[in-house]
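J.: Structure: upload02.tsv, TSV, C-alpha atoms.
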```tsv
chain	number	residue	atom	x	y	z
A	1	MET	CA	35.55	4.61	-17.93
A	2	ILE	CA	33.79	3.43	-21.06
A	3	GLY	CA	31.05	0.87	-20.69
A	4	THR	CA	29.44	-1.39	-23.20
A	5	PRO	CA	26.13	-0.23	-24.67
A	6	LEU	CA	24.32	-2.63	-22.34
A	7	GLN	CA	26.06	-1.18	-19.27
A	8	LEU	CA	25.24	2.34	-20.41
A	9	THR	CA	21.62	1.41	-20.90
A	10	ILE	CA	21.43	-0.16	-17.45
A	11	GLU	CA	23.00	2.93	-15.91
A	12	ALA	CA	20.49	5.14	-17.69
A	13	LEU	CA	17.55	3.05	-16.55
A	14	PHE	CA	18.81	2.55	-12.99
A	15	PRO	CA	20.93	5.58	-12.08
A	16	ASN	CA	20.82	4.64	-8.41
A	17	GLY	CA	21.43	0.93	-8.86
A	18	VAL	CA	18.91	-1.75	-7.99
A	19	ALA	CA	20.26	-3.38	-4.81
A	20	HIS	CA	18.40	-1.33	-2.19
A	21	TYR	CA	15.22	-1.39	-4.26
A	22	ALA	CA	15.28	-5.18	-4.55
A	23	ALA	CA	16.26	-5.64	-0.89
A	24	GLY	CA	13.46	-3.30	0.18
A	25	GLY	CA	10.94	-5.22	-1.92
A	26	LEU	CA	12.17	-8.49	-0.44
A	27	LEU	CA	11.68	-7.16	3.10
A	28	ILE	CA	8.18	-5.88	2.26
A	29	GLY	CA	7.37	-9.41	1.09
A	30	LEU	CA	9.00	-10.85	4.22
A	31	GLY	CA	6.83	-8.65	6.44
A	32	VAL	CA	3.76	-9.98	4.64
A	33	ALA	CA	5.18	-13.50	5.06
A	34	VAL	CA	5.63	-13.26	8.85
A	35	ILE	CA	2.00	-12.21	9.31
A	36	TYR	CA	0.68	-14.74	6.81
A	37	ALA	CA	2.63	-17.72	8.11
A	38	SER	CA	1.70	-17.07	11.75
A	39	THR	CA	-1.90	-15.84	11.46
A	40	GLY	CA	-3.14	-16.64	7.96
A	41	ILE	CA	-3.90	-12.94	7.46
A	42	ILE	CA	-2.96	-11.25	4.17
A	43	ALA	CA	-2.16	-7.74	5.32
A	44	GLY	CA	-2.64	-4.75	3.05
A	45	ALA	CA	-1.97	-1.21	4.19
A	46	SER	CA	-5.02	0.74	3.07
A	47	THR	CA	-7.94	-0.96	4.85
A	48	PHE	CA	-6.48	0.73	7.96
A	49	LEU	CA	-7.98	3.99	6.65
A	50	GLU	CA	-11.56	2.72	6.82
A	51	SER	CA	-11.22	0.39	9.79
A	52	THR	CA	-9.66	3.15	11.90
A	53	LEU	CA	-12.48	5.55	10.99
A	54	SER	CA	-14.90	3.01	12.51
A	55	TYR	CA	-13.60	4.01	15.98
A	56	VAL	CA	-15.04	7.50	15.54
A	57	SER	CA	-17.74	7.23	12.85
A	58	SER	CA	-21.06	5.40	12.73
A	59	VAL	CA	-21.24	5.39	8.92
A	60	PRO	CA	-22.41	1.82	8.11
A	61	ARG	CA	-19.84	1.20	5.36
A	62	LEU	CA	-16.99	1.98	7.74
A	63	ASN	CA	-18.44	-0.35	10.38
A	64	ARG	CA	-18.58	-3.51	8.32
A	65	PRO	CA	-18.00	-6.49	10.64
A	66	SER	CA	-14.71	-7.32	8.93
A	67	TYR	CA	-13.42	-3.80	9.61
A	68	VAL	CA	-14.51	-3.69	13.24
A	69	ALA	CA	-13.02	-7.15	13.80
A	70	SER	CA	-9.68	-6.20	12.25
A	71	ARG	CA	-9.29	-2.56	13.30
A	72	ASP	CA	-7.18	-3.27	16.40
A	73	TRP	CA	-4.54	-5.34	14.63
A	74	ARG	CA	-4.50	-2.92	11.70
A	75	VAL	CA	-3.51	-0.13	14.12
A	76	VAL	CA	-0.72	-2.37	15.45
A	77	PHE	CA	0.39	-3.20	11.89
A	78	THR	CA	0.52	0.50	10.97
A	79	LEU	CA	2.45	1.39	14.12
A	80	GLY	CA	4.86	-1.38	13.14
A	81	ILE	CA	5.31	0.19	9.69
A	82	VAL	CA	6.01	3.60	11.25
A	83	GLY	CA	8.46	2.02	13.72
A	84	GLY	CA	10.21	-0.11	11.10
A	85	ALA	CA	10.77	2.90	8.86
A	86	ALA	CA	12.09	4.87	11.85
A	87	ILE	CA	14.56	2.06	12.59
A	88	TYR	CA	15.66	2.14	8.95
A	89	ALA	CA	16.14	5.92	9.00
A	90	LEU	CA	18.25	5.73	12.16
A	91	THR	CA	20.39	2.75	11.07
A	92	LEU	CA	21.03	2.17	7.35
A	93	GLY	CA	19.19	5.29	6.26
A	94	PRO	CA	20.18	8.93	6.13
A	95	GLY	CA	18.31	9.90	9.31
A	96	GLY	CA	15.16	11.97	9.08
A	97	TRP	CA	14.17	13.97	6.02
A	98	THR	CA	11.11	15.79	4.69
A	99	THR	CA	9.61	15.92	1.22
A	100	ASP	CA	9.66	18.99	-1.02
A	101	VAL	CA	6.58	17.90	-2.97
A	102	GLN	CA	4.07	20.74	-2.75
A	103	TRP	CA	1.32	20.52	-0.13
A	104	TRP	CA	-1.57	20.71	-2.58
A	105	ARG	CA	-0.20	17.73	-4.50
A	106	LEU	CA	-0.01	15.75	-1.25
A	107	LEU	CA	-3.53	16.79	-0.20
A	108	VAL	CA	-5.37	16.32	-3.51
A	109	GLY	CA	-3.36	13.20	-4.34
A	110	GLY	CA	-4.05	11.81	-0.87
A	111	VAL	CA	-7.81	12.31	-1.22
A	112	LEU	CA	-7.81	10.55	-4.61
A	113	VAL	CA	-5.65	7.73	-3.23
A	114	GLY	CA	-8.10	7.35	-0.33
A	115	ILE	CA	-11.13	7.15	-2.62
A	116	GLY	CA	-9.41	5.00	-5.25
A	117	THR	CA	-8.00	2.37	-2.92
A	118	ARG	CA	-11.34	1.86	-1.21
A	119	LEU	CA	-13.34	1.74	-4.44
A	120	GLY	CA	-10.76	-0.45	-6.15
A	121	LYS	CA	-10.42	-2.85	-3.17
A	122	GLY	CA	-6.74	-2.36	-2.52
A	123	CYS	CA	-3.54	-0.41	-2.98
A	124	THR	CA	0.09	-0.89	-3.91
A	125	SER	CA	0.60	-3.42	-1.09
A	126	GLY	CA	-2.77	-5.19	-1.13
A	127	HIS	CA	-3.11	-5.54	-4.90
A	128	GLY	CA	0.49	-4.82	-5.96
A	129	VAL	CA	2.35	-7.17	-3.62
A	130	CYS	CA	-0.21	-9.57	-2.08
A	131	GLY	CA	-2.72	-9.76	-4.93
A	132	VAL	CA	-0.17	-10.09	-7.72
A	133	GLY	CA	1.69	-12.59	-5.50
A	134	SER	CA	-1.58	-14.54	-5.27
A	135	GLY	CA	-1.86	-14.58	-9.06
A	136	SER	CA	-5.20	-12.76	-8.84
A	137	ASN	CA	-6.47	-11.43	-12.17
A	138	THR	CA	-8.42	-8.72	-10.36
A	139	SER	CA	-5.23	-7.45	-8.76
A	140	ILE	CA	-3.18	-7.63	-11.96
A	141	LEU	CA	-5.87	-5.61	-13.76
A	142	ASN	CA	-6.01	-3.07	-10.93
A	143	VAL	CA	-2.22	-2.67	-10.86
A	144	ALA	CA	-2.02	-2.25	-14.65
A	145	THR	CA	-4.75	0.41	-14.43
A	146	PHE	CA	-3.22	2.43	-11.61
A	147	MET	CA	0.26	2.21	-13.13
A	148	ALA	CA	-0.99	3.60	-16.45
A	149	PHE	CA	-2.89	6.44	-14.79
A	150	ALA	CA	-0.06	7.24	-12.37
A	151	ILE	CA	2.51	7.44	-15.17
A	152	GLY	CA	0.18	9.59	-17.27
A	153	THR	CA	-0.57	11.93	-14.37
A	154	ALA	CA	3.03	12.33	-13.22
A	155	GLN	CA	4.24	13.00	-16.77
A	156	LEU	CA	1.45	15.50	-17.40
A	157	VAL	CA	2.08	17.39	-14.16
A	158	SER	CA	5.80	17.45	-14.93
A	159	ALA	CA	5.13	18.65	-18.50
A	160	LEU	CA	3.03	21.49	-17.07
A	161	GLY	CA	6.15	22.64	-15.27
A	162	VAL	CA	5.10	21.72	-11.72
A	163	SER	CA	8.18	20.67	-9.73
A	164	PRO	CA	8.42	19.08	-7.38
B	1	MET	CA	-14.57	-11.49	17.43
B	2	SER	CA	-12.84	-13.14	20.37
B	3	GLU	CA	-9.96	-11.56	22.25
B	4	ARG	CA	-6.68	-11.78	20.40
B	5	SER	CA	-3.60	-13.04	22.22
B	6	PRO	CA	-0.48	-10.97	22.88
B	7	LEU	CA	1.34	-13.44	20.61
B	8	PHE	CA	-1.05	-12.50	17.78
B	9	TYR	CA	-0.36	-8.79	18.16
B	10	GLY	CA	3.36	-9.52	18.55
B	11	ALA	CA	3.40	-11.31	15.18
B	12	ILE	CA	1.50	-8.44	13.54
B	13	LEU	CA	3.93	-5.93	15.04
B	14	VAL	CA	7.03	-7.84	13.92
B	15	GLY	CA	5.57	-8.19	10.42
B	16	GLY	CA	4.78	-4.47	10.37
B	17	LEU	CA	8.29	-3.55	11.52
B	18	ILE	CA	9.89	-5.60	8.73
B	19	PHE	CA	7.38	-4.24	6.21
B	20	GLY	CA	8.10	-0.66	7.31
B	21	PHE	CA	11.87	-1.16	7.29
B	22	GLY	CA	11.52	-2.50	3.75
B	23	LEU	CA	9.43	0.48	2.67
B	24	GLY	CA	12.10	2.80	4.06
B	25	LEU	CA	14.96	0.92	2.41
B	26	SER	CA	13.09	0.71	-0.90
B	27	GLN	CA	12.71	4.54	-0.97
B	28	MET	CA	8.98	4.21	-1.65
B	29	ALA	CA	8.41	6.40	1.41
B	30	ARG	CA	10.05	9.24	-0.54
B	31	PRO	CA	7.55	10.84	-2.97
B	32	GLU	CA	10.39	12.28	-5.08
B	33	VAL	CA	11.70	8.77	-5.84
B	34	VAL	CA	8.23	7.52	-6.78
B	35	LEU	CA	7.74	10.53	-9.09
B	36	ASP	CA	11.17	9.89	-10.68
B	37	PHE	CA	10.01	6.36	-11.41
B	38	LEU	CA	6.69	7.49	-12.90
B	39	GLN	CA	8.54	10.06	-15.02
B	40	PHE	CA	10.83	7.29	-16.34
B	41	GLU	CA	13.95	8.74	-14.73
B	42	ASP	CA	14.72	5.75	-12.48
B	43	PHE	CA	13.10	2.36	-12.99
B	44	GLY	CA	14.38	0.93	-9.70
B	45	LEU	CA	10.89	0.81	-8.19
B	46	LEU	CA	10.09	-2.10	-10.52
B	47	PHE	CA	12.36	-4.13	-8.28
B	48	VAL	CA	10.44	-3.09	-5.17
B	49	MET	CA	7.04	-4.27	-6.33
B	50	GLY	CA	8.57	-7.16	-8.25
B	51	GLY	CA	10.65	-8.26	-5.26
B	52	GLY	CA	7.66	-7.96	-2.93
B	53	ALA	CA	5.30	-9.81	-5.27
B	54	ILE	CA	7.76	-12.64	-5.99
B	55	THR	CA	8.47	-13.08	-2.28
B	56	SER	CA	4.79	-13.17	-1.41
B	57	ALA	CA	4.07	-15.55	-4.31
B	58	ILE	CA	6.64	-18.00	-2.93
B	59	VAL	CA	5.30	-17.59	0.60
B	60	PHE	CA	1.66	-18.07	-0.43
B	61	ALA	CA	2.69	-21.23	-2.32
B	62	VAL	CA	4.98	-22.76	0.29
B	63	VAL	CA	3.50	-21.84	3.69
B	64	PRO	CA	0.19	-23.74	3.30
B	65	ARG	CA	2.19	-26.89	2.51
B	66	LEU	CA	4.40	-26.50	5.58
B	67	PHE	CA	1.62	-25.78	8.06
B	68	GLY	CA	-1.91	-27.10	7.72
B	69	ARG	CA	-3.33	-24.09	9.54
B	70	ALA	CA	-1.92	-20.80	10.80
B	71	PRO	CA	-0.27	-21.62	14.15
B	72	ILE	CA	-1.44	-18.54	16.09
B	73	THR	CA	-5.03	-18.24	14.90
B	74	GLY	CA	-5.78	-21.77	13.69
B	75	ASP	CA	-7.24	-20.20	10.53
B	76	ALA	CA	-6.96	-21.81	7.10
B	77	PHE	CA	-4.53	-20.28	4.60
B	78	ARG	CA	-6.18	-18.45	1.72
B	79	ARG	CA	-5.04	-16.42	-1.23
B	80	ARG	CA	-5.93	-12.84	-1.93
B	81	GLU	CA	-8.72	-13.10	-4.49
B	82	LYS	CA	-10.98	-10.07	-4.72
B	83	SER	CA	-14.02	-10.14	-6.97
B	84	MET	CA	-13.80	-8.50	-10.37
B	85	ASP	CA	-16.15	-5.66	-11.26
B	86	LYS	CA	-15.95	-2.20	-12.79
B	87	ASN	CA	-14.99	-0.66	-9.43
B	88	VAL	CA	-11.62	-2.40	-9.74
B	89	ILE	CA	-10.95	-0.34	-12.88
B	90	VAL	CA	-12.57	2.91	-11.77
B	91	GLY	CA	-10.92	2.71	-8.34
B	92	GLY	CA	-7.56	1.82	-9.87
B	93	SER	CA	-7.82	4.84	-12.19
B	94	ILE	CA	-8.60	7.25	-9.34
B	95	PHE	CA	-5.85	5.69	-7.21
B	96	GLY	CA	-3.41	6.06	-10.11
B	97	VAL	CA	-4.16	9.75	-10.63
B	98	GLY	CA	-3.71	10.34	-6.87
B	99	TRP	CA	-0.48	8.35	-6.71
B	100	GLY	CA	0.89	10.10	-9.81
B	101	LEU	CA	0.00	13.52	-8.40
B	102	SER	CA	1.37	12.99	-4.87
B	103	GLY	CA	3.96	10.24	-5.27
B	104	ILE	CA	2.72	8.52	-2.14
B	105	CYS	CA	0.56	5.47	-1.39
B	106	PRO	CA	-0.89	4.38	1.98
B	107	GLY	CA	1.78	1.99	3.31
B	108	ALA	CA	4.60	4.23	2.12
B	109	ALA	CA	2.89	7.22	3.76
B	110	TYR	CA	2.84	5.49	7.17
B	111	ALA	CA	6.51	4.60	6.71
B	112	SER	CA	7.26	8.20	5.77
B	113	VAL	CA	5.90	9.33	9.14
B	114	GLY	CA	8.49	7.06	10.74
B	115	VAL	CA	11.36	8.86	9.05
B	116	GLY	CA	10.08	12.19	10.36
B	117	ASN	CA	8.60	13.39	7.07
B	118	PHE	CA	5.86	15.42	8.76
B	119	PRO	CA	4.47	17.06	5.56
B	120	ILE	CA	3.25	13.58	4.58
B	121	LEU	CA	0.58	13.95	7.29
B	122	ILE	CA	-1.21	16.22	4.78
B	123	ALA	CA	-1.40	13.26	2.39
B	124	ILE	CA	-2.52	10.87	5.14
B	125	GLY	CA	-5.20	13.37	6.18
B	126	GLY	CA	-6.30	13.45	2.54
B	127	MET	CA	-6.43	9.62	2.43
B	128	PHE	CA	-8.67	9.54	5.51
B	129	LEU	CA	-10.90	12.20	3.93
B	130	GLY	CA	-11.11	10.21	0.70
B	131	ALA	CA	-11.86	6.94	2.52
B	132	TYR	CA	-14.52	8.70	4.61
B	133	ALA	CA	-16.13	10.30	1.55
B	134	HIS	CA	-16.17	6.91	-0.17
B	135	GLY	CA	-17.70	5.31	2.93
B	136	LEU	CA	-20.44	7.95	3.10
B	137	TRP	CA	-21.20	7.56	-0.59
B	138	ARG	CA	-21.33	3.75	-0.47
B	139	SER	CA	-23.52	3.82	2.63
B	140	SER	CA	-26.00	6.29	1.17
B	141	ARG	CA	-26.12	4.36	-2.10
B	142	GLN	CA	-26.69	1.11	-0.25
B	143	SER	CA	-29.56	2.52	1.82
B	144	ALA	CA	-31.04	3.97	-1.37
B	145	ASP	CA	-30.83	0.50	-2.94
B	146	VAL	CA	-32.51	-1.08	0.09
B	147	GLY	CA	-35.20	1.62	-0.04
B	148	ALA	CA	-35.81	0.95	-3.71
B	149	ALA	CA	-35.92	-2.81	-3.14
B	150	THR	CA	-38.46	-2.59	-0.34
B	151	ALA	CA	-40.56	0.01	-2.14
B	152	ASP	CA	-42.07	-2.48	-4.55
```
In structure tokens, write the structure found in this file.
T.:
Amino acid sequence: MIGTPLQLTIEALFPNGVAHYAAGGLLIGLGVAVIYASTGIIAGASTFLESTLSYVSSVPRLNRPSYVASRDWRVVFTLGIVGGAAIYALTLGPGGWTTDVQWWRLLVGGVLVGIGTRLGKGCTSGHGVCGVGSGSNTSILNVATFMAFAIGTAQLVSALGVSP
Amino acid sequence: MSERSPLFYGAILVGGLIFGFGLGLSQMARPEVVLDFLQFEDFGLLFVMGGGAITSAIVFAVVPRLFGRAPITGDAFRRREKSMDKNVIVGGSIFGVGWGLSGICPGAAYASVGVGNFPILIAIGGMFLGAYAHGLWRSSRQSADVGAATAD
């Protein structure tokens, strides 16, 4: 089968198609929508890290009133995310799977993600979906920054021969 | 903060379930797919963030016009506007290096637990460590600031 140059380009850019990516993004937005429309809350995923630490730590920063007030529902939200992904894996998805990315990448990357999201006031969902969706310049700047650094880092690590 | 109703937690849970299902379907819970995107081998993830942001943009525009206040909490509808300062850039840079190294971000990591990807718990442990270290640092800096302010 010979495609037009445009088709070939699209296949090169999107070797796995775009349908499940777009549908997944739509559902992520829909999850945000359900919570927003019913409670007025704009839910991001990463504040859970700090607000949950307030159960066990007395560090003042982690016990800001807004964290203590929201920590219960943030646990429920996170359990919902875990459950929703489990439902996906058992229905449309391929069942369970595990990553082959090396443990040190997960650990060091996780620590940096934890610091960066708290310093930068949000993550891929808070800034990337909710903030950009709000038309916030702060969020657009944050997303442009983390995208540039993530692309640079991933390409560098790959160029150094680390895989996966 | 007053007691929240079961209806409140039910709405949060339903929203979380849809959000998590979407993260699973979008493949963002799979670090390999995120790394493929960052290495320019599959640009599909643009549709995940784009789809999510467009949906939320429509919702944030339409919902406040449909309802005056949020039905469950009675709260006013606001947008997500965080203040701009250099932390937004510095934090975004650190986040980006971490995301590019690991291929996983917080929401996607929780979703990954749901598909049985137990090695991701290493990353989540790292995120808690990072958030804790940041909290310690901010708290000590703040008390140092207060000390300096009251010293003179």
J.: Please measure the separation of CA of Leu119 in chain A and CA of Gly130 in chain B, giving the value in Å to one decimal.
T.: 10.2 Å
J.: Within 10 Å of range 75-98 of chain B, which residues of range 8-127 of chain A show up? Give each one with its shortest atom-to-atom distance in Å (one decimal) and the two atoms involved, counting only C-alpha atoms, rows by chain then rising residue number, as a tab-separated table.
T.:
```
residue	atom	partner	partner_atom	distance
A:Tyr36	CA	B:Phe77	CA	7.9
A:Ala37	CA	B:Phe77	CA	8.4
A:Ser38	CA	B:Asp75	CA	9.6
A:Thr39	CA	B:Asp75	CA	7.0
A:Gly40	CA	B:Phe77	CA	5.1
A:Ile41	CA	B:Phe77	CA	7.9
A:Ile42	CA	B:Arg80	CA	7.0
A:Ala43	CA	B:Arg80	CA	9.6
A:Arg105	CA	B:Gly98	CA	8.5
A:Leu106	CA	B:Gly98	CA	8.6
A:Leu107	CA	B:Gly98	CA	9.3
A:Val108	CA	B:Gly98	CA	7.1
A:Gly109	CA	B:Gly98	CA	3.8
A:Gly110	CA	B:Gly98	CA	6.2
A:Val111	CA	B:Gly98	CA	7.3
A:Leu112	CA	B:Gly98	CA	4.7
A:Val113	CA	B:Phe95	CA	4.5
A:Gly114	CA	B:Phe95	CA	7.4
A:Ile115	CA	B:Phe95	CA	7.1
A:Gly116	CA	B:Phe95	CA	4.1
A:Thr117	CA	B:Phe95	CA	5.8
A:Arg118	CA	B:Gly91	CA	7.2
A:Leu119	CA	B:Gly91	CA	4.7
A:Gly120	CA	B:Gly91	CA	3.8
A:Lys121	CA	B:Val88	CA	6.7
A:Gly122	CA	B:Gly92	CA	8.5
A:Cys123	CA	B:Phe95	CA	7.8
A:Thr124	CA	B:Phe95	CA	9.5
A:Gly126	CA	B:Arg80	CA	8.3
A:His127	CA	B:Arg80	CA	8.4
```
J.: For Val162 in chain A, find every residue with an atom within 12 Å (counting only C-alpha atoms), except residues of its own chain fewer than 5 positions away, and show them as a list in words.
T.: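 In the requested form, the answer reads Asp100, Val101, Gln102, Trp104, Arg105, Thr153, Ala154, Gln155, Leu156 and Val157 of chain A; Leu35, Leu101 and Ser102 of chain B.
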J.: Write a file of the selected residues as a JSON list (two decimals), in the coordinates of the input, keeping C-alpha atoms.
T.:
```json
[["chain", "number", "residue", "atom", "x", "y", "z"],
["A", 100, "ASP", "CA", 9.66, 18.99, -1.02],
["A", 101, "VAL", "CA", 6.58, 17.90, -2.97],
["A", 102, "GLN", "CA", 4.07, 20.74, -2.75],
["A", 104, "TRP", "CA", -1.57, 20.71, -2.58],
["A", 105, "ARG", "CA", -0.20, 17.73, -4.50],
["A", 153, "THR", "CA", -0.57, 11.93, -14.37],
["A", 154, "ALA", "CA", 3.03, 12.33, -13.22],
["A", 155, "GLN", "CA", 4.24, 13.00, -16.77],
["A", 156, "LEU", "CA", 1.45, 15.50, -17.40],
["A", 157, "VAL", "CA", 2.08, 17.39, -14.16],
["B", 35, "LEU", "CA", 7.74, 10.53, -9.09],
["B", 101, "LEU", "CA", 0.00, 13.52, -8.40],
["B", 102, "SER", "CA", 1.37, 12.99, -4.87]]
```
J.: Any idea what's packed within 9 Å of Ile120 in chain B, counting all atoms listed in the file, ignoring anything in its chain fewer than 2 positions away? Could you give it as an mmCIF file with C-alpha atoms, keeping the file's coordinate frame?
T.:
```cif
data_model
loop_
_atom_site.group_PDB
_atom_site.id
_atom_site.type_symbol
_atom_site.label_atom_id
_atom_site.label_comp_id
_atom_site.auth_asym_id
_atom_site.auth_seq_id
_atom_site.Cartn_x
_atom_site.Cartn_y
_atom_site.Cartn_z
ATOM 1 C CA THR A 98 11.110 15.790 4.690
ATOM 2 C CA THR A 99 9.610 15.920 1.220
ATOM 3 C CA TRP A 103 1.320 20.520 -0.130
ATOM 4 C CA LEU A 106 -0.010 15.750 -1.250
ATOM 5 C CA LEU A 107 -3.530 16.790 -0.200
ATOM 6 C CA ILE B 104 2.720 8.520 -2.140
ATOM 7 C CA ALA B 109 2.890 7.220 3.760
ATOM 8 C CA TYR B 110 2.840 5.490 7.170
ATOM 9 C CA SER B 112 7.260 8.200 5.770
ATOM 10 C CA VAL B 113 5.900 9.330 9.140
ATOM 11 C CA ASN B 117 8.600 13.390 7.070
ATOM 12 C CA PHE B 118 5.860 15.420 8.760
ATOM 13 C CA ILE B 122 -1.210 16.220 4.780
ATOM 14 C CA ALA B 123 -1.400 13.260 2.390
ATOM 15 C CA ILE B 124 -2.520 10.870 5.140
ATOM 16 C CA GLY B 125 -5.200 13.370 6.180
#
```
J.: Quick check, in Å to one decimal: how far apart do CA of Thr138 in chain A and CA of Phe77 in chain A lie?
T.: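 Between these atoms lies a distance of 24.6 Å.
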J.: Would you kindly return, as a VMD selection string, each protein, DNA or RNA residue with an atom no farther than 12 Å from any atom of Phe40 in chain B, considering only C-alpha atoms and excluding same-chain residues fewer than 5 positions away?
T.: (chain A and resid 12 to 15 150 to 152 154 to 155 158) or (chain B and resid 33 to 35 45 to 46)
J.: Please indicate the distance in Å from CA of Ser140 in chain B to CA of Ser70 in chain A, rounded to one decimal place.
T.: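 According to the coordinates, CA of Ser140 in chain B and CA of Ser70 in chain A are separated by 23.3 Å.
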J.: Between B:Pro119, B:Gly20, B:Cys105, B:Arg30, single out the one closest to chain A, counting only C-alpha atoms.
T.: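 Residue with the minimum atom-to-atom distance to chain A: B:Gly20.
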